[in-house]
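Below you'll find the structure, written out as structure tokens, and then a few comments.
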Amino acid sequence: MEKAPQTGISIPTPLLWASMAFVTGILLAAWLPFGLGLWWLFAGISAAVLVINILALRYASTHFAAVVRVLTNTFSASFLKSVQKHSGRLIFAALLLLVMCFGGLRYLATQPVISPEFIAAYNDNDLKMVVTGVVVAPPDERDSYTNLRIAVERLRPENDIQHIDVNGLLLARVSVDAEWSYGDRVVVSGFLRTPPENEDFSYRDYLARQGVYSFMSFADASLLEPDVGNPLLAAVYKFKTGALDLTYRFWPDPEASLLAGILLGVESGIPQDVRAAFNDTGTSHVIAISGFNITIIAGLFSALFGRWLGYWRGMLVSLFGIAVYTLLVGADAAVVRAAIMGSLTLLARQVGRRQDGINSLAITAGIMALFNPHIPWDVGFQLSFAAVMGLVLYAEPLTDWFVALATKRLPEATVQRLVAPVSEYLLFTLAAGFSTLPIIAYHFQRLSLSSLPANAAILPAQPPIMIVGGVAVLVGMVYYPLGQAVAYLTWPFVVYTIRIVEAFAVLPGGLLVLGEIPAWTVILFYGLVLLLTFKAAWLRHRLPNVRPIAVFGLLAALTMLSWQAALSAPDGKLHITVLDVDSGDAVLIQTPEGRYILVGGGPSASRLSNALGRRLSLFNRQLDYLVVASPQEHQVAALPRVVERFPPQQVWWSGNVNASSSARYLRSTLSDAGILIVEGETGQRFDLGEGAYLEALAVSERGAVLLLVLDNFRVLLPIGLDFDALDAFEMGLEIGPVTALLLADSGYAPLNPPEWIDNLQPQVILLSVEAGNFEGLPDEAIVDAATSYNLLRTDHHGWIHLTTDGQQMWVEVEKNSDQSQ
């Protein structure tokens, strides 16, 4: 939540009206089918009216009348006197119309001209294109691909040697098996397409607002030349990459990914379920860089540099720091809006003038629209603009109402102590939530009924997260051990934030799902609310004094540290957790002595990292062993990025390293890190302590079949099972009864025949598969064959946790928690 800007409605400044006129011109240009010629005509008429009225005001009536009569011989003296009398208002109106026309012209000037020199002219043909260009933004790394934004220089058909010089931006989706950087000159090949759109979301419009009109999926990419971008931006992005790397080294997931979003604006690593919890509770603004972050940054810069360099030099350095931070986190609409308003606040303080919130907000919108005329359609900009407007208009009246109400029942000293935290963590949330409600309902067709209490519960923890977390990263760049020590202080606040949000997300009735909301209802809502607000004239100038709740934060920190220590301590039992990582297998084993072994990995780095981060100790995030049980793409795609965050001491490898590109990339990553790799062989056995062991029953080019044993407890993990192994095991007769069986390949029928299941006689069948698997897994025949057993599926139950002492087994699942013995 952003701190409330200075409130109050003074006489609107000319810049406010000009900003509103400019944005209105942009909206009209997008809505009306007028061409450039018509907009220039309107601009010329407005300019003529402006000049005439300036002359009327500038010269005496007799001289001006004489000139006009000579030129036109049509105007009467009374008309000329009327023009002179109202010329001030006419000048203002003509000036606004002229600015509005410039807004329309600015919007039309950004519309692409599809010519042979523009890359979009080559979209949607059947020729595979080879495109050369420069990466102009930090690579956007996802679980299974990386997005590269490329400023195109030239292209050619794949079967042609003649290049064509072109311009424009291209979004290319390439493999995650290579590392890319801002400023790389690259060659990508693939089919150029117009970005897709459907009934729910238009990726085409989303990219068009960023100047991207061409899209290349499944592109092959190669590096031509590094470091050809802007040196200043390259330095900023290099700093960001280093900070992001430290973030994942300092903290486990999902805390690391949340901090990456809060501190650096990198949200791609946040697990899907965590993101959904923040969305459903109306707390997603915490993840996104917003005015709250900029307010803290501006305050820190102003305090530090002002004390060291003096007021004016400190202000200039602070403004530069805000600009660098804005570039660092991606400079999206909400960040730029917050940065401009933060800069205006600093300037206003230096010149001794109080900032007027409405004026500053409108001017900020005008400046942003000048540089990017597509900004009014950005949802982030709309939400950010509406939230600040709500704070400007309603923060002070709500605070005054609370003070008046509390004073009747509490001593004045108590009220003064309560007013700051109640305003910041409750009333300001209410103000911003009320003003953004129509936009959320319109775009997302849902409303969070738990938003107010959820925000009130987590907002006190956000300043420590930003300040201490940012200090940890900066200190860690200079001296890593000291940075890690500071990072430990931040972790409990981040855990608290995530756990509270997840708790509110599962409350029944916390989310109200709506149907489609007409746009006119949103406009009508804001029109009526603003009319009533301005008519009431509630606003007075005020600067809130916000103080953190230190005792609350300390108690939360101690609680989280205590629970983390208790939950991560070994209990003498064997723990097996089938992690929910989509359609792949990832099994985390905790030995009776407290060692951790990860078997497999799955396709999703964010989901695997999230699952491991929730289970491994904050103070020791190393895996004792990584077992690569299959080198297939869907089994190892997550591992190259995850082993950087949770490095294993040793790796046991089975299967052909060339079975997939991710397997080759993983092998290279492990070798570069100097991690010992042991080649798997049939019959090898891992001693897990207390009589437990993990044995490789079979090893082939496809991977390994593993058996986990503790006394009478036996779990079969056939992750690398093939048909030869099925025959060698005589459909399971050679293995004998098992306690639990993991189905191979997400329930692929040929590798899980009914005879295999019946001969193994499992008490529990485990299935790792994503909901709505695009291959239709698990096969219906497998589900039918497992009906007589206890079938637990990650798509239905989430993670599945088995605990045993060798004699008894306890089963726990994430959803519809159930324990059986």
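Here's how to read the names in the structure tokens: chain A, B, ... by the order shown, residue numbers from 1 in each chain, ligand numbers from 1 in the order shown.
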Would you give me, as a Markdown table, each residue of stretch 659-719 of chain A having an atom within 9 Å of an atom of stretch 629-650 of chain A, along with its shortest atom pair and that distance in Å to one decimal, using only C-alpha atoms and sorting by chain and residue number?
| residue | atom | partner | partner_atom | distance |
| --- | --- | --- | --- | --- |
| A:Ala659 | CA | A:Pro631 | CA | 6.0 |
| A:Ser660 | CA | A:Glu633 | CA | 5.4 |
| A:Ser661 | CA | A:Glu633 | CA | 7.2 |
| A:Ser662 | CA | A:Ala637 | CA | 5.2 |
| A:Ala663 | CA | A:Pro631 | CA | 5.5 |
| A:Arg664 | CA | A:Pro631 | CA | 8.8 |
| A:Tyr665 | CA | A:Pro640 | CA | 6.7 |
| A:Leu666 | CA | A:Pro640 | CA | 4.8 |
| A:Arg667 | CA | A:Pro640 | CA | 8.3 |
| A:Ser668 | CA | A:Pro640 | CA | 8.9 |
| A:Thr669 | CA | A:Pro640 | CA | 6.4 |
| A:Leu670 | CA | A:Val643 | CA | 8.0 |
| A:Ala673 | CA | A:Glu644 | CA | 8.7 |
| A:Ile675 | CA | A:Gln650 | CA | 6.1 |
| A:Leu676 | CA | A:Gln650 | CA | 5.1 |
| A:Ile677 | CA | A:Gln650 | CA | 6.1 |
| A:Val678 | CA | A:Gln650 | CA | 7.6 |
| A:Val699 | CA | A:Ala629 | CA | 8.8 |
| A:Glu701 | CA | A:Ser630 | CA | 8.5 |
| A:Arg702 | CA | A:Ser630 | CA | 6.0 |
| A:Gly703 | CA | A:Ser630 | CA | 4.1 |
| A:Ala704 | CA | A:Ala629 | CA | 5.1 |
| A:Val705 | CA | A:Ala629 | CA | 7.4 |
| A:Leu706 | CA | A:Ala629 | CA | 8.1 |
| A:Leu717 | CA | A:Ala629 | CA | 8.9 |
| A:Pro718 | CA | A:Ala629 | CA | 8.4 |
| A:Ile719 | CA | A:Ala629 | CA | 6.0 |
Show me, as a PDB file with C-alpha atoms, in the first residue's frame, the residues that have an atom within 7 Å of stretch 115-119 of chain A when counting only C-alpha atoms, minus same-chain residues fewer than 5 positions from it.
ATOM      1  CA  ASP A 165      17.260  -4.069 -43.674  1.00  0.00           C
ATOM      2  CA  VAL A 166      14.236  -3.720 -41.392  1.00  0.00           C
ATOM      3  CA  ASN A 167      13.299  -2.111 -38.089  1.00  0.00           C
ATOM      4  CA  GLY A 168      10.858  -2.751 -35.258  1.00  0.00           C
ATOM      5  CA  SER A 214       5.896  -9.464 -34.201  1.00  0.00           C
TER       6      SER A 214
END
Which residues in stretch 231-270 of chain A does DSSP call helix (DSSP H, G or I)? List them as a PDB file with C-alpha atoms, in the first residue's frame.
ATOM      1  CA  PRO A 231      26.796   1.020 -21.545  1.00  0.00           C
ATOM      2  CA  LEU A 232      24.782   2.730 -18.790  1.00  0.00           C
ATOM      3  CA  LEU A 233      21.815   0.378 -19.185  1.00  0.00           C
ATOM      4  CA  ALA A 234      24.206  -2.560 -19.424  1.00  0.00           C
ATOM      5  CA  ALA A 235      25.747  -1.573 -16.086  1.00  0.00           C
ATOM      6  CA  VAL A 236      22.322  -1.187 -14.467  1.00  0.00           C
ATOM      7  CA  TYR A 237      21.100  -4.554 -15.752  1.00  0.00           C
ATOM      8  CA  LYS A 238      24.350  -6.246 -14.755  1.00  0.00           C
ATOM      9  CA  PHE A 239      23.847  -4.909 -11.245  1.00  0.00           C
ATOM     10  CA  LYS A 240      20.286  -6.231 -11.327  1.00  0.00           C
ATOM     11  CA  THR A 241      21.467  -9.689 -12.437  1.00  0.00           C
ATOM     12  CA  GLY A 242      23.971  -9.789  -9.601  1.00  0.00           C
ATOM     13  CA  ALA A 243      21.332  -8.651  -7.108  1.00  0.00           C
ATOM     14  CA  LEU A 244      18.913 -11.299  -8.359  1.00  0.00           C
ATOM     15  CA  ASP A 245      21.563 -14.010  -8.013  1.00  0.00           C
ATOM     16  CA  LEU A 246      22.247 -12.919  -4.431  1.00  0.00           C
ATOM     17  CA  THR A 247      18.531 -12.908  -3.663  1.00  0.00           C
ATOM     18  CA  TYR A 248      18.230 -16.593  -4.532  1.00  0.00           C
ATOM     19  CA  ARG A 249      21.430 -17.413  -2.637  1.00  0.00           C
ATOM     20  CA  PHE A 250      20.355 -15.546   0.502  1.00  0.00           C
ATOM     21  CA  GLU A 255      10.556 -16.196  -0.122  1.00  0.00           C
ATOM     22  CA  ALA A 256      13.366 -15.525  -2.607  1.00  0.00           C
ATOM     23  CA  SER A 257      10.991 -15.177  -5.556  1.00  0.00           C
ATOM     24  CA  LEU A 258       8.701 -12.868  -3.585  1.00  0.00           C
ATOM     25  CA  LEU A 259      11.674 -10.704  -2.592  1.00  0.00           C
ATOM     26  CA  ALA A 260      12.831 -10.661  -6.216  1.00  0.00           C
ATOM     27  CA  GLY A 261       9.450  -9.184  -7.112  1.00  0.00           C
ATOM     28  CA  ILE A 262       9.379  -6.695  -4.238  1.00  0.00           C
ATOM     29  CA  LEU A 263      12.974  -5.484  -4.523  1.00  0.00           C
ATOM     30  CA  LEU A 264      13.802  -5.928  -8.201  1.00  0.00           C
TER      31      LEU A 264
END
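Counting from atom CA of A:Gly601, the distance to atom CA of A:Tyr145 is 16.5 Å.
Residues surrounding stretch 588-590 of chain A within 8 Å are Leu574, His575, Ile576, Thr577, Val578, Leu579, Ala586, Pro592, Glu593, Gly594, Arg595, Tyr596, Ile597, Leu598 and Val599 of chain A [only C-alpha atoms; sequence separation below 2 positions excluded].
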Hey, can you spit out that residue selection with all heavy atoms as a compact mmCIF listing (two decimals), in the first residue's frame?
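To be explicit, this is the file written out as part-v8.txt:
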# COMPACT_ATOMS: atom_id res chain seq x y z
N LEU A 574 11.73 -41.74 8.48
CA LEU A 574 11.99 -41.54 7.06
C LEU A 574 10.81 -40.80 6.45
O LEU A 574 9.66 -41.21 6.63
CB LEU A 574 12.19 -42.89 6.37
CG LEU A 574 12.49 -42.87 4.87
CD1 LEU A 574 13.84 -42.22 4.60
CD2 LEU A 574 12.46 -44.30 4.31
N HIS A 575 11.09 -39.73 5.74
CA HIS A 575 10.04 -38.90 5.13
C HIS A 575 10.21 -38.92 3.62
O HIS A 575 11.31 -38.70 3.09
CB HIS A 575 10.12 -37.46 5.64
CG HIS A 575 9.90 -37.32 7.11
ND1 HIS A 575 8.67 -36.98 7.65
CD2 HIS A 575 10.74 -37.48 8.16
CE1 HIS A 575 8.77 -36.93 8.96
NE2 HIS A 575 10.01 -37.23 9.31
N ILE A 576 9.11 -39.15 2.92
CA ILE A 576 9.10 -39.12 1.44
C ILE A 576 7.98 -38.18 1.01
O ILE A 576 6.83 -38.38 1.39
CB ILE A 576 8.86 -40.53 0.85
CG1 ILE A 576 9.89 -41.51 1.37
CG2 ILE A 576 8.87 -40.47 -0.68
CD1 ILE A 576 9.40 -42.32 2.54
N THR A 577 8.34 -37.18 0.23
CA THR A 577 7.34 -36.22 -0.25
C THR A 577 7.34 -36.21 -1.78
O THR A 577 8.37 -35.92 -2.40
CB THR A 577 7.63 -34.80 0.25
OG1 THR A 577 7.76 -34.81 1.68
CG2 THR A 577 6.51 -33.85 -0.15
N VAL A 578 6.21 -36.55 -2.36
CA VAL A 578 6.03 -36.40 -3.81
C VAL A 578 5.60 -34.96 -4.04
O VAL A 578 4.49 -34.56 -3.65
CB VAL A 578 4.98 -37.38 -4.34
CG1 VAL A 578 4.80 -37.19 -5.85
CG2 VAL A 578 5.38 -38.81 -4.03
N LEU A 579 6.48 -34.17 -4.63
CA LEU A 579 6.24 -32.74 -4.81
C LEU A 579 5.33 -32.50 -6.00
O LEU A 579 5.38 -33.23 -7.00
CB LEU A 579 7.57 -32.00 -4.99
CG LEU A 579 8.60 -32.23 -3.88
CD1 LEU A 579 9.92 -31.53 -4.24
CD2 LEU A 579 8.09 -31.72 -2.55
N ALA A 586 9.26 -35.45 -8.96
CA ALA A 586 10.23 -34.89 -8.03
C ALA A 586 9.87 -35.42 -6.65
O ALA A 586 8.81 -35.11 -6.11
CB ALA A 586 10.20 -33.36 -8.04
N PRO A 592 16.31 -40.51 8.22
CA PRO A 592 16.15 -40.42 9.68
C PRO A 592 17.19 -39.54 10.35
O PRO A 592 16.94 -39.01 11.43
CB PRO A 592 16.28 -41.89 10.12
CG PRO A 592 15.85 -42.69 8.93
CD PRO A 592 16.33 -41.91 7.74
N GLU A 593 18.33 -39.35 9.70
CA GLU A 593 19.38 -38.52 10.28
C GLU A 593 19.29 -37.07 9.81
O GLU A 593 20.12 -36.24 10.20
CB GLU A 593 20.75 -39.10 9.92
CG GLU A 593 20.98 -40.50 10.50
CD GLU A 593 22.30 -41.09 10.04
OE1 GLU A 593 22.90 -40.53 9.09
OE2 GLU A 593 22.71 -42.12 10.61
N GLY A 594 18.31 -36.75 8.97
CA GLY A 594 18.10 -35.37 8.57
C GLY A 594 18.75 -34.97 7.27
O GLY A 594 18.76 -33.79 6.92
N ARG A 595 19.29 -35.91 6.49
CA ARG A 595 19.85 -35.58 5.19
C ARG A 595 18.73 -35.51 4.14
O ARG A 595 17.70 -36.16 4.29
CB ARG A 595 20.90 -36.62 4.77
CG ARG A 595 22.19 -36.55 5.58
CD ARG A 595 23.18 -37.58 5.10
NE ARG A 595 22.73 -38.95 5.41
CZ ARG A 595 23.29 -40.05 4.92
NH1 ARG A 595 24.30 -39.94 4.06
NH2 ARG A 595 22.84 -41.24 5.26
N TYR A 596 18.97 -34.72 3.09
CA TYR A 596 17.96 -34.53 2.04
C TYR A 596 18.48 -35.07 0.72
O TYR A 596 19.59 -34.74 0.27
CB TYR A 596 17.61 -33.06 1.90
CG TYR A 596 16.73 -32.54 3.02
CD1 TYR A 596 17.28 -31.90 4.12
CD2 TYR A 596 15.35 -32.68 2.97
CE1 TYR A 596 16.48 -31.42 5.15
CE2 TYR A 596 14.53 -32.21 3.98
CZ TYR A 596 15.11 -31.58 5.07
OH TYR A 596 14.31 -31.12 6.08
N ILE A 597 17.62 -35.86 0.06
CA ILE A 597 17.92 -36.41 -1.26
C ILE A 597 16.77 -36.05 -2.18
O ILE A 597 15.60 -36.34 -1.88
CB ILE A 597 18.08 -37.94 -1.20
CG1 ILE A 597 19.21 -38.31 -0.24
CG2 ILE A 597 18.35 -38.51 -2.59
CD1 ILE A 597 19.29 -39.80 0.04
N LEU A 598 17.08 -35.42 -3.29
CA LEU A 598 16.07 -35.10 -4.29
C LEU A 598 16.19 -36.08 -5.44
O LEU A 598 17.25 -36.20 -6.06
CB LEU A 598 16.24 -33.67 -4.81
CG LEU A 598 15.29 -33.25 -5.94
CD1 LEU A 598 13.84 -33.27 -5.45
CD2 LEU A 598 15.65 -31.87 -6.48
N VAL A 599 15.09 -36.78 -5.72
CA VAL A 599 15.04 -37.73 -6.84
C VAL A 599 14.18 -37.11 -7.94
O VAL A 599 13.01 -36.82 -7.74
CB VAL A 599 14.43 -39.07 -6.39
CG1 VAL A 599 14.41 -40.04 -7.57
CG2 VAL A 599 15.22 -39.65 -5.23
Distance query A:Met216 at most 9 Å, only C-alpha atoms, self and fewer than 6 positions along chain excluded, as an mmCIF file with N, CA and C atoms, in the first residue's frame:
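Saved to selection-v6.cif:
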data_model
loop_
_atom_site.group_PDB
_atom_site.id
_atom_site.type_symbol
_atom_site.label_atom_id
_atom_site.label_comp_id
_atom_site.auth_asym_id
_atom_site.auth_seq_id
_atom_site.Cartn_x
_atom_site.Cartn_y
_atom_site.Cartn_z
ATOM 1 N N LEU A 170 10.830 -7.267 -31.932
ATOM 2 C CA LEU A 170 10.410 -8.652 -32.037
ATOM 3 C C LEU A 170 10.507 -9.303 -30.664
ATOM 4 N N LEU A 171 9.471 -10.052 -30.279
ATOM 5 C CA LEU A 171 9.537 -10.873 -29.072
ATOM 6 C C LEU A 171 9.772 -12.308 -29.515
ATOM 7 N N ALA A 172 10.947 -12.836 -29.166
ATOM 8 C CA ALA A 172 11.323 -14.199 -29.553
ATOM 9 C C ALA A 172 11.342 -15.086 -28.315
ATOM 10 N N ARG A 173 10.712 -16.224 -28.410
ATOM 11 C CA ARG A 173 10.671 -17.196 -27.315
ATOM 12 C C ARG A 173 11.679 -18.290 -27.617
ATOM 13 N N VAL A 174 12.748 -18.359 -26.801
ATOM 14 C CA VAL A 174 13.854 -19.274 -27.071
ATOM 15 C C VAL A 174 13.987 -20.256 -25.911
ATOM 16 N N VAL A 188 18.130 -15.094 -34.581
ATOM 17 C CA VAL A 188 17.050 -16.024 -34.237
ATOM 18 C C VAL A 188 16.366 -16.458 -35.525
ATOM 19 N N SER A 189 15.939 -17.696 -35.537
ATOM 20 C CA SER A 189 15.256 -18.220 -36.726
ATOM 21 C C SER A 189 13.966 -18.897 -36.306
ATOM 22 N N GLY A 190 12.947 -18.695 -37.105
ATOM 23 C CA GLY A 190 11.635 -19.261 -36.834
ATOM 24 C C GLY A 190 10.598 -18.595 -37.711
ATOM 25 N N PHE A 191 9.339 -18.803 -37.376
ATOM 26 C CA PHE A 191 8.243 -18.244 -38.157
ATOM 27 C C PHE A 191 7.718 -16.992 -37.460
ATOM 28 N N LEU A 192 7.679 -15.887 -38.188
ATOM 29 C CA LEU A 192 7.158 -14.642 -37.653
ATOM 30 C C LEU A 192 5.637 -14.687 -37.631
ATOM 31 N N ARG A 193 5.077 -14.327 -36.490
ATOM 32 C CA ARG A 193 3.629 -14.351 -36.328
ATOM 33 C C ARG A 193 3.143 -13.066 -35.671
ATOM 34 N N THR A 194 1.912 -12.702 -35.994
ATOM 35 C CA THR A 194 1.255 -11.647 -35.236
ATOM 36 C C THR A 194 0.921 -12.210 -33.860
ATOM 37 N N PRO A 195 1.208 -11.484 -32.785
ATOM 38 C CA PRO A 195 0.916 -12.019 -31.441
ATOM 39 C C PRO A 195 -0.528 -12.458 -31.331
#
Residue contacts of stretch 419-429 of chain A (6 Å, only C-alpha atoms) excluding same-chain residues fewer than 3 positions away, as a PyMOL selection string: chain A and resi 395+415-416+432-433+456+459+546
